[in-house]
file run_4.txt (compact mmCIF, C-alpha atoms (C1' of nucleotides))
# COMPACT_ATOMS: atom_id res chain seq x y z
CA MET A 1 0.00 0.00 0.00
CA SER A 2 1.35 3.40 -0.88
CA GLU A 3 1.69 6.27 1.53
CA GLU A 4 -1.24 7.89 -0.23
CA ASN A 5 -3.55 5.30 1.25
CA SER A 6 -1.91 4.59 4.59
CA ASN A 7 -1.80 8.22 5.68
CA PRO A 8 -5.35 9.26 6.59
CA LEU A 9 -4.63 12.91 5.85
CA HIS A 10 -3.45 12.00 2.34
CA ARG A 11 -6.53 9.86 1.86
CA VAL A 12 -8.97 12.57 2.95
CA PHE A 13 -7.24 15.08 0.70
CA SER A 14 -7.45 12.75 -2.29
CA LEU A 15 -11.16 12.16 -1.74
CA LEU A 16 -11.94 15.86 -1.44
CA ALA A 17 -9.69 16.88 -4.32
CA ASP A 18 -11.22 14.26 -6.60
CA HIS A 19 -14.69 15.44 -5.72
CA TYR A 20 -14.28 19.21 -5.87
CA GLY A 21 -11.31 19.63 -8.15
CA PRO A 22 -8.79 22.47 -7.80
CA LEU A 23 -10.07 25.48 -5.88
CA HIS A 24 -7.00 27.75 -5.76
CA TRP A 25 -8.34 29.57 -2.80
CA TRP A 26 -8.98 32.62 -0.82
CA PRO A 27 -11.63 34.84 -2.31
CA ALA A 28 -9.55 38.03 -2.57
CA ASP A 29 -7.66 39.95 -5.26
CA THR A 30 -4.58 41.06 -3.33
CA PRO A 31 -2.52 39.94 -0.30
CA PHE A 32 -3.72 43.01 1.62
CA GLU A 33 -7.32 42.07 0.90
CA VAL A 34 -6.59 38.56 2.17
CA ALA A 35 -5.30 39.95 5.45
CA ILE A 36 -8.26 42.28 5.88
CA GLY A 37 -10.66 39.44 5.12
CA ALA A 38 -8.89 37.20 7.61
CA ILE A 39 -9.43 39.72 10.38
CA LEU A 40 -13.00 40.49 9.37
CA THR A 41 -14.05 36.85 9.23
CA GLN A 42 -13.15 36.17 12.85
CA ASN A 43 -16.12 34.30 14.29
CA THR A 44 -18.24 35.66 11.45
CA ALA A 45 -20.02 34.21 8.43
CA TRP A 46 -18.21 35.00 5.18
CA THR A 47 -21.38 36.37 3.60
CA ASN A 48 -21.27 39.19 6.15
CA VAL A 49 -17.59 39.78 5.48
CA GLU A 50 -18.33 40.14 1.77
CA LYS A 51 -20.60 43.11 2.47
CA ALA A 52 -17.88 44.81 4.50
CA ILE A 53 -15.24 44.10 1.84
CA ALA A 54 -17.54 45.56 -0.82
CA ASN A 55 -17.91 48.74 1.25
CA LEU A 56 -14.15 49.00 1.69
CA ARG A 57 -13.60 48.45 -2.03
CA ARG A 58 -16.08 51.15 -2.92
CA GLU A 59 -14.09 53.60 -0.79
CA GLY A 60 -10.76 52.45 -2.17
CA ALA A 61 -9.86 51.29 1.33
CA LEU A 62 -8.48 47.94 0.26
CA GLU A 63 -5.15 49.72 0.07
CA ALA A 64 -3.18 50.16 3.24
CA HIS A 65 -2.55 53.91 2.97
CA VAL A 66 -6.23 54.61 2.31
CA MET A 67 -7.39 52.48 5.21
CA ARG A 68 -4.86 54.17 7.45
CA GLY A 69 -6.31 57.57 6.54
CA LEU A 70 -9.87 56.62 7.40
CA SER A 71 -11.28 57.93 10.66
CA ARG A 72 -12.17 55.26 13.19
CA SER A 73 -15.88 56.01 12.91
CA THR A 74 -15.78 55.84 9.11
CA LEU A 75 -13.99 52.52 9.18
CA GLU A 76 -16.49 51.21 11.72
CA GLU A 77 -19.41 52.13 9.49
CA LEU A 78 -17.83 50.50 6.44
CA ILE A 79 -17.21 47.20 8.18
CA ARG A 80 -20.34 47.19 10.31
CA PRO A 81 -21.97 44.31 8.39
CA ALA A 82 -19.13 42.01 9.45
CA GLY A 83 -20.07 42.33 13.11
CA PHE A 84 -17.83 43.13 16.10
CA PHE A 85 -17.20 46.29 14.11
CA ARG A 86 -15.68 48.44 16.87
CA GLN A 87 -13.25 45.72 17.86
CA LYS A 88 -12.38 44.88 14.26
CA ALA A 89 -11.95 48.52 13.25
CA GLU A 90 -9.39 48.91 16.02
CA ARG A 91 -7.61 45.74 14.88
CA LEU A 92 -7.52 46.88 11.26
CA HIS A 93 -6.12 50.28 12.22
CA LEU A 94 -3.50 48.68 14.47
CA PHE A 95 -2.56 46.31 11.67
CA VAL A 96 -2.06 49.00 9.02
CA ALA A 97 -0.28 51.20 11.56
CA HIS A 98 2.16 48.36 12.19
CA LEU A 99 2.59 47.95 8.44
CA PHE A 100 3.71 51.57 8.12
CA ALA A 101 5.65 51.66 11.37
CA GLY A 102 7.90 48.75 10.54
CA HIS A 103 7.51 47.79 6.91
CA GLY A 104 6.97 50.91 4.86
CA GLY A 105 3.29 50.16 4.49
CA SER A 106 4.03 46.97 2.60
CA LEU A 107 2.38 43.72 3.64
CA GLU A 108 4.67 41.89 1.24
CA ARG A 109 7.66 43.21 3.16
CA LEU A 110 6.13 42.20 6.48
CA LEU A 111 5.60 38.69 5.14
CA ASP A 112 9.07 38.38 3.67
CA GLY A 113 11.20 36.18 5.89
CA PRO A 114 11.35 32.77 7.55
CA LEU A 115 7.91 31.34 8.35
CA ASP A 116 8.45 31.02 12.09
CA GLU A 117 9.79 34.55 12.45
CA VAL A 118 7.00 36.12 10.43
CA ARG A 119 4.43 34.07 12.32
CA THR A 120 5.77 35.24 15.67
CA ALA A 121 5.67 38.83 14.46
CA LEU A 122 2.07 38.47 13.32
CA LEU A 123 1.00 36.86 16.59
CA ALA A 124 2.46 39.80 18.49
CA GLN A 125 -0.16 42.04 16.89
CA LYS A 126 -3.31 42.65 18.89
CA GLY A 127 -6.22 40.99 17.14
CA ILE A 128 -4.15 38.47 15.24
CA GLY A 129 -4.38 35.04 16.80
CA PRO A 130 -3.14 31.73 15.40
CA GLU A 131 -5.85 31.17 12.79
CA THR A 132 -5.69 34.70 11.44
CA ALA A 133 -1.90 34.57 11.39
CA ASP A 134 -1.85 31.28 9.52
CA SER A 135 -4.44 32.47 7.02
CA ILE A 136 -2.33 35.53 6.26
CA LEU A 137 0.87 33.51 6.09
CA LEU A 138 -0.60 30.92 3.75
CA TYR A 139 -2.95 32.88 1.53
CA ALA A 140 -1.25 36.28 1.48
CA GLY A 141 2.37 35.29 2.03
CA GLY A 142 2.63 31.95 0.31
CA HIS A 143 4.14 30.35 3.41
CA PRO A 144 3.38 26.65 4.07
CA SER A 145 1.54 27.28 7.34
CA PHE A 146 -1.53 25.10 7.83
CA VAL A 147 -4.75 26.88 8.79
CA VAL A 148 -6.87 25.28 11.48
CA ASP A 149 -10.40 26.60 11.74
CA ALA A 150 -13.72 25.47 13.15
CA TYR A 151 -14.37 23.44 10.00
CA THR A 152 -11.02 21.70 10.23
CA ARG A 153 -11.60 20.75 13.83
CA ARG A 154 -15.13 19.55 13.09
CA LEU A 155 -14.04 17.37 10.22
CA LEU A 156 -11.20 15.76 12.17
CA GLU A 157 -13.56 15.07 15.04
CA ARG A 158 -16.03 13.44 12.67
CA LEU A 159 -13.28 11.34 11.21
CA ALA A 160 -12.16 10.41 14.74
CA LEU A 161 -8.67 11.61 13.90
CA ILE A 162 -8.79 13.79 17.02
CA ASP A 163 -10.87 13.49 20.18
CA GLY A 164 -11.87 17.14 20.37
CA GLY A 165 -9.77 18.43 23.22
CA GLU A 166 -6.68 19.23 21.18
CA SER A 167 -5.23 22.71 21.10
CA TYR A 168 -4.88 24.76 17.94
CA GLN A 169 -1.16 24.09 17.90
CA GLN A 170 -1.63 20.36 18.28
CA ILE A 171 -3.98 20.17 15.31
CA ARG A 172 -1.73 22.38 13.20
CA SER A 173 1.20 20.12 14.03
CA PHE A 174 -0.83 17.04 13.17
CA PHE A 175 -1.20 18.32 9.63
CA MET A 176 2.27 19.74 9.27
CA GLU A 177 4.01 16.64 10.60
CA ASN A 178 2.04 14.33 8.33
CA LEU A 179 2.12 16.33 5.12
CA PRO A 180 4.97 17.82 3.10
CA ALA A 181 5.52 21.55 3.69
CA ASP A 182 3.83 22.51 0.44
CA THR A 183 2.03 25.85 0.16
CA GLU A 184 -0.20 24.71 -2.70
CA LEU A 185 -1.18 21.56 -0.80
CA PHE A 186 -2.02 23.48 2.39
CA ASN A 187 -3.93 26.06 0.36
CA GLU A 188 -6.04 23.43 -1.37
CA TYR A 189 -6.52 21.29 1.74
CA HIS A 190 -7.96 24.08 3.85
CA ALA A 191 -10.08 25.32 0.96
CA LEU A 192 -11.46 21.83 0.38
CA ILE A 193 -12.35 21.40 4.04
CA VAL A 194 -14.27 24.68 3.99
CA GLU A 195 -15.94 23.74 0.72
CA LEU A 196 -17.02 20.39 2.13
CA CYS A 197 -18.44 21.91 5.29
CA LYS A 198 -20.29 24.67 3.47
CA ASP A 199 -21.57 22.19 0.93
CA VAL A 200 -22.90 19.96 3.65
CA CYS A 201 -24.38 22.87 5.56
CA ARG A 202 -26.13 24.25 2.46
CA LYS A 203 -27.69 20.95 1.57
CA ARG A 204 -28.62 19.30 4.78
CA ALA A 205 -27.96 20.81 8.12
CA PRO A 206 -29.60 23.91 9.58
CA ARG A 207 -26.83 24.25 12.14
CA CYS A 208 -23.25 23.85 11.09
CA SER A 209 -22.06 22.75 14.49
CA LEU A 210 -24.34 19.74 14.20
CA CYS A 211 -23.50 18.78 10.64
CA PRO A 212 -23.47 15.00 10.26
CA LEU A 213 -20.47 15.35 8.03
CA LEU A 214 -19.78 11.72 7.48
CA SER A 215 -23.28 10.55 6.80
CA VAL A 216 -23.86 13.18 4.13
CA CYS A 217 -20.34 13.58 2.85
CA PRO A 218 -20.73 14.29 -0.88
CA THR A 219 -17.75 12.17 -1.76
CA GLY A 220 -19.62 9.18 -0.42
CA ALA A 221 -16.33 7.77 0.67
CA LEU A 222 -16.22 9.13 4.15
CA THR A 223 -19.43 7.47 5.21
CA ASP A 224 -17.94 4.43 6.86
CA SER A 225 -18.23 5.76 10.40
CA PRO A 226 -21.37 6.50 12.42
CA SER A 227 -22.06 10.18 13.05
C1' DG B 228 -37.54 34.59 18.30
C1' DC B 229 -33.40 31.56 18.51
C1' DC B 230 -29.05 29.72 17.06
C1' DC B 231 -24.91 30.21 14.93
C1' DA B 232 -20.87 31.92 12.10
C1' DG B 233 -13.68 30.38 8.67
C1' DG B 234 -11.66 34.01 16.73
C1' DT B 235 -9.35 36.88 19.98
C1' DG B 236 -8.18 39.17 24.24
C1' DG B 237 -8.92 40.08 28.94
C1' DG B 238 -10.21 38.59 33.46
C1' DT B 239 -10.41 35.18 37.14
C1' DA B 240 -9.14 30.95 39.88
C1' DT C 241 -3.07 26.21 32.50
C1' DA C 242 -8.11 26.30 32.21
C1' DC C 243 -12.39 28.14 31.75
C1' DC C 244 -15.63 32.31 31.13
C1' DC C 245 -17.16 36.24 28.82
C1' DA C 246 -17.61 40.37 25.67
C1' DC C 247 -17.63 41.52 21.15
C1' DA C 248 -22.36 42.40 16.90
C1' DT C 249 -24.36 41.68 12.38
C1' DG C 250 -27.17 38.87 9.26
C1' DG C 251 -29.01 34.39 7.48
C1' DG C 252 -31.54 30.00 8.20
call {"tool": "encode", "arguments": {"input": "run_4.txt", "output": "structure tokens"}}
result
Amino acid sequence: MSEENSNPLHRVFSLLADHYGPLHWWPADTPFEVAIGAILTQNTAWTNVEKAIANLRREGALEAHVMRGLSRSTLEELIRPAGFFRQKAERLHLFVAHLFAGHGGSLERLLDGPLDEVRTALLAQKGIGPETADSILLYAGGHPSFVVDAYTRRLLERLALIDGGESYQQIRSFFMENLPADTELFNEYHALIVELCKDVCRKRAPRCSLCPLLSVCPTGALTDSPS
DNA sequence: GCCCAGGTGGGTA
DNA sequence: TACCCACATGGG
């Protein structure tokens, strides 16, 4: 048996990739937009983030220097649809301020460097926790840093690959120690997990946290465990 | 009306 | 370290 089949993470990826095909993910046009979206989507449905992003785009504020020049109240109003708007407006302003304070306003420059060093620098920013940092690293910076989100955790629990009590870092390590450090692979893997969960939620389950992922898995190949 | 969403930071024991 | 809570809008 090849490693493809003996490694459960390889097997899950193959099933999802065969079913959905290449996704080449993060719905954003620029690295800066990725970072802004990553902050705005914290504990928030993406459909709400889209409204906020559209408002920012209309004002030209998807560029760091423009966002920096916005008053706090204006920024709050633009991102209001994404929820937690006061908190997130502060985080966005702190983020762009840091960009200009240490990196000439360039996100690319901030992200240029060894993965671990850049990750530590991101985590030092107020409002950027592990998931947001990894999303920015992977989707804006092209770093092979695996993103663990609620969907990832839910899927692994359903597959009994974790018991549910694991920390973010433990789950991230589980992926990164069992997969090659490949940016494209991590990009696709996380995107496929989100696609699967949204697909399942759209079709069958009124509440995502209760999705019977395995029993309705569209690949049909993950249905060999009770939900 | 009620539940939940691609988290994070601060407070308390 | 391990919980608990605030943060807020919009869709099902």
call {"tool": "closest_residue", "arguments": {"input": "run_4.txt", "among": "A:Leu107, A:Ala97, A:Leu40, A:Val12", "to": "chain B", "atoms": "all atoms listed in the file"}}
result
A:Leu40
call {"tool": "atom_distance", "arguments": {"input": "run_4.txt", "atom1": "atom CA of A:Glu90", "atom2": "atom CA of A:Leu123"}}
result
15.9 Å
call {"tool": "closest_atom_pairs", "arguments": {"input": "run_4.txt", "of": "chain C", "to": "chain A", "cutoff": "8 Å", "atoms": "all atoms listed in the file", "output": "Markdown table"}}
result
| residue | atom | partner | partner_atom | distance |
| --- | --- | --- | --- | --- |
| C:DC247 | C1' | A:Phe84 | CA | 5.3 |
| C:DA248 | C1' | A:Gly83 | CA | 4.4 |
| C:DT249 | C1' | A:Gly83 | CA | 4.4 |
| C:DG250 | C1' | A:Asn48 | CA | 6.7 |
| C:DG252 | C1' | A:Pro206 | CA | 6.5 |
call {"tool": "interface_residues", "arguments": {"input": "run_4.txt", "of": "chain A", "to": "chain B", "cutoff": "7 Å", "atoms": "all atoms listed in the file", "output": "JSON, numbers by chain"}}
result
{"A": [41, 42, 43, 44, 45, 127, 129, 149, 150, 207]}
call {"tool": "atom_distance", "arguments": {"input": "run_4.txt", "atom1": "atom CA of A:Ser73", "atom2": "atom CA of A:Ala121"}}
result
27.6 Å
call {"tool": "closest_atom_pairs", "arguments": {"input": "run_4.txt", "of": "stretch 56-146 of chain A", "to": "stretch 171-174 of chain A", "cutoff": "12 Å", "atoms": "only C-alpha atoms", "output": "JSON lines"}}
result
{"residue": "A:Pro130", "atom": "CA", "partner": "A:Arg172", "partner_atom": "CA", "distance": 9.7}
{"residue": "A:Glu131", "atom": "CA", "partner": "A:Arg172", "partner_atom": "CA", "distance": 9.7}
{"residue": "A:Asp134", "atom": "CA", "partner": "A:Arg172", "partner_atom": "CA", "distance": 9.6}
{"residue": "A:Pro144", "atom": "CA", "partner": "A:Arg172", "partner_atom": "CA", "distance": 11.3}
{"residue": "A:Ser145", "atom": "CA", "partner": "A:Arg172", "partner_atom": "CA", "distance": 8.3}
{"residue": "A:Phe146", "atom": "CA", "partner": "A:Arg172", "partner_atom": "CA", "distance": 6.0}
call {"tool": "atom_distance", "arguments": {"input": "run_4.txt", "atom1": "atom CA of A:Leu110", "atom2": "atom CA of A:Ala124"}}
result
12.8 Å
call {"tool": "closest_residue", "arguments": {"input": "run_4.txt", "among": "A:Ala101, A:Leu161, A:Val66, A:Val34", "to": "A:Leu138", "atoms": "only C-alpha atoms"}}
result
A:Val34
call {"tool": "residues_around", "arguments": {"input": "run_4.txt", "residues": "A:Ala35", "least_positions_apart": "3", "cutoff": "7 Å", "atoms": "all atoms listed in the file", "output": "compact mmCIF listing (two decimals) with C-alpha atoms, in the coordinates of the input"}}
result
# COMPACT_ATOMS: atom_id res chain seq x y z
CA PRO A 31 -2.52 39.94 -0.30
CA PHE A 32 -3.72 43.01 1.62
CA ALA A 38 -8.89 37.20 7.61
CA ILE A 39 -9.43 39.72 10.38
CA ILE A 136 -2.33 35.53 6.26
CA ALA A 140 -1.25 36.28 1.48
call {"tool": "build_atoms", "arguments": {"input": "run_4.txt", "residues": "stretch 111-133 of chain A", "atoms": "N, CA and C atoms", "output": "PDB file, keeping the file's coordinate frame"}}
result
ATOM      1  N   LEU A 111       5.695  40.148   5.282  1.00  0.00           N
ATOM      2  CA  LEU A 111       5.600  38.690   5.140  1.00  0.00           C
ATOM      3  C   LEU A 111       6.865  38.056   4.593  1.00  0.00           C
ATOM      4  N   ASP A 112       7.825  38.901   4.249  1.00  0.00           N
ATOM      5  CA  ASP A 112       9.070  38.380   3.670  1.00  0.00           C
ATOM      6  C   ASP A 112      10.041  37.971   4.777  1.00  0.00           C
ATOM      7  N   GLY A 113      10.291  36.671   4.863  1.00  0.00           N
ATOM      8  CA  GLY A 113      11.200  36.180   5.890  1.00  0.00           C
ATOM      9  C   GLY A 113      10.864  34.744   6.231  1.00  0.00           C
ATOM     10  N   PRO A 114      11.617  34.151   7.151  1.00  0.00           N
ATOM     11  CA  PRO A 114      11.350  32.770   7.550  1.00  0.00           C
ATOM     12  C   PRO A 114       9.967  32.638   8.187  1.00  0.00           C
ATOM     13  N   LEU A 115       9.274  31.569   7.856  1.00  0.00           N
ATOM     14  CA  LEU A 115       7.910  31.340   8.350  1.00  0.00           C
ATOM     15  C   LEU A 115       7.785  31.574   9.848  1.00  0.00           C
ATOM     16  N   ASP A 116       8.614  30.932  10.640  1.00  0.00           N
ATOM     17  CA  ASP A 116       8.450  31.020  12.090  1.00  0.00           C
ATOM     18  C   ASP A 116       8.634  32.446  12.606  1.00  0.00           C
ATOM     19  N   GLU A 117       9.554  33.167  12.008  1.00  0.00           N
ATOM     20  CA  GLU A 117       9.790  34.550  12.450  1.00  0.00           C
ATOM     21  C   GLU A 117       8.628  35.450  12.085  1.00  0.00           C
ATOM     22  N   VAL A 118       8.128  35.283  10.863  1.00  0.00           N
ATOM     23  CA  VAL A 118       7.000  36.120  10.430  1.00  0.00           C
ATOM     24  C   VAL A 118       5.765  35.775  11.251  1.00  0.00           C
ATOM     25  N   ARG A 119       5.598  34.495  11.543  1.00  0.00           N
ATOM     26  CA  ARG A 119       4.430  34.070  12.320  1.00  0.00           C
ATOM     27  C   ARG A 119       4.466  34.679  13.715  1.00  0.00           C
ATOM     28  N   THR A 120       5.618  34.645  14.331  1.00  0.00           N
ATOM     29  CA  THR A 120       5.770  35.240  15.670  1.00  0.00           C
ATOM     30  C   THR A 120       5.455  36.728  15.637  1.00  0.00           C
ATOM     31  N   ALA A 121       5.924  37.396  14.583  1.00  0.00           N
ATOM     32  CA  ALA A 121       5.670  38.830  14.460  1.00  0.00           C
ATOM     33  C   ALA A 121       4.179  39.107  14.294  1.00  0.00           C
ATOM     34  N   LEU A 122       3.506  38.287  13.507  1.00  0.00           N
ATOM     35  CA  LEU A 122       2.070  38.470  13.320  1.00  0.00           C
ATOM     36  C   LEU A 122       1.321  38.244  14.630  1.00  0.00           C
ATOM     37  N   LEU A 123       1.695  37.200  15.346  1.00  0.00           N
ATOM     38  CA  LEU A 123       1.000  36.860  16.590  1.00  0.00           C
ATOM     39  C   LEU A 123       1.196  37.918  17.666  1.00  0.00           C
ATOM     40  N   ALA A 124       2.216  38.735  17.511  1.00  0.00           N
ATOM     41  CA  ALA A 124       2.460  39.800  18.490  1.00  0.00           C
ATOM     42  C   ALA A 124       1.484  40.950  18.296  1.00  0.00           C
ATOM     43  N   GLN A 125       0.792  40.961  17.161  1.00  0.00           N
ATOM     44  CA  GLN A 125      -0.160  42.040  16.890  1.00  0.00           C
ATOM     45  C   GLN A 125      -1.481  41.768  17.592  1.00  0.00           C
ATOM     46  N   LYS A 126      -2.011  42.781  18.243  1.00  0.00           N
ATOM     47  CA  LYS A 126      -3.310  42.650  18.890  1.00  0.00           C
ATOM     48  C   LYS A 126      -4.372  42.368  17.835  1.00  0.00           C
ATOM     49  N   GLY A 127      -5.159  41.327  18.071  1.00  0.00           N
ATOM     50  CA  GLY A 127      -6.220  40.990  17.140  1.00  0.00           C
ATOM     51  C   GLY A 127      -5.830  39.958  16.113  1.00  0.00           C
ATOM     52  N   ILE A 128      -4.566  39.539  16.148  1.00  0.00           N
ATOM     53  CA  ILE A 128      -4.150  38.470  15.240  1.00  0.00           C
ATOM     54  C   ILE A 128      -3.744  37.265  16.066  1.00  0.00           C
ATOM     55  N   GLY A 129      -4.633  36.285  16.083  1.00  0.00           N
ATOM     56  CA  GLY A 129      -4.380  35.040  16.800  1.00  0.00           C
ATOM     57  C   GLY A 129      -3.856  34.007  15.817  1.00  0.00           C
ATOM     58  N   PRO A 130      -3.750  32.763  16.240  1.00  0.00           N
ATOM     59  CA  PRO A 130      -3.140  31.730  15.400  1.00  0.00           C
ATOM     60  C   PRO A 130      -3.846  31.495  14.066  1.00  0.00           C
ATOM     61  N   GLU A 131      -5.178  31.447  14.065  1.00  0.00           N
ATOM     62  CA  GLU A 131      -5.850  31.170  12.790  1.00  0.00           C
ATOM     63  C   GLU A 131      -5.681  32.329  11.809  1.00  0.00           C
ATOM     64  N   THR A 132      -5.848  33.534  12.303  1.00  0.00           N
ATOM     65  CA  THR A 132      -5.690  34.700  11.440  1.00  0.00           C
ATOM     66  C   THR A 132      -4.261  34.786  10.922  1.00  0.00           C
ATOM     67  N   ALA A 133      -3.306  34.530  11.791  1.00  0.00           N
ATOM     68  CA  ALA A 133      -1.900  34.570  11.390  1.00  0.00           C
ATOM     69  C   ALA A 133      -1.623  33.530  10.307  1.00  0.00           C
TER      70      ALA A 133
END
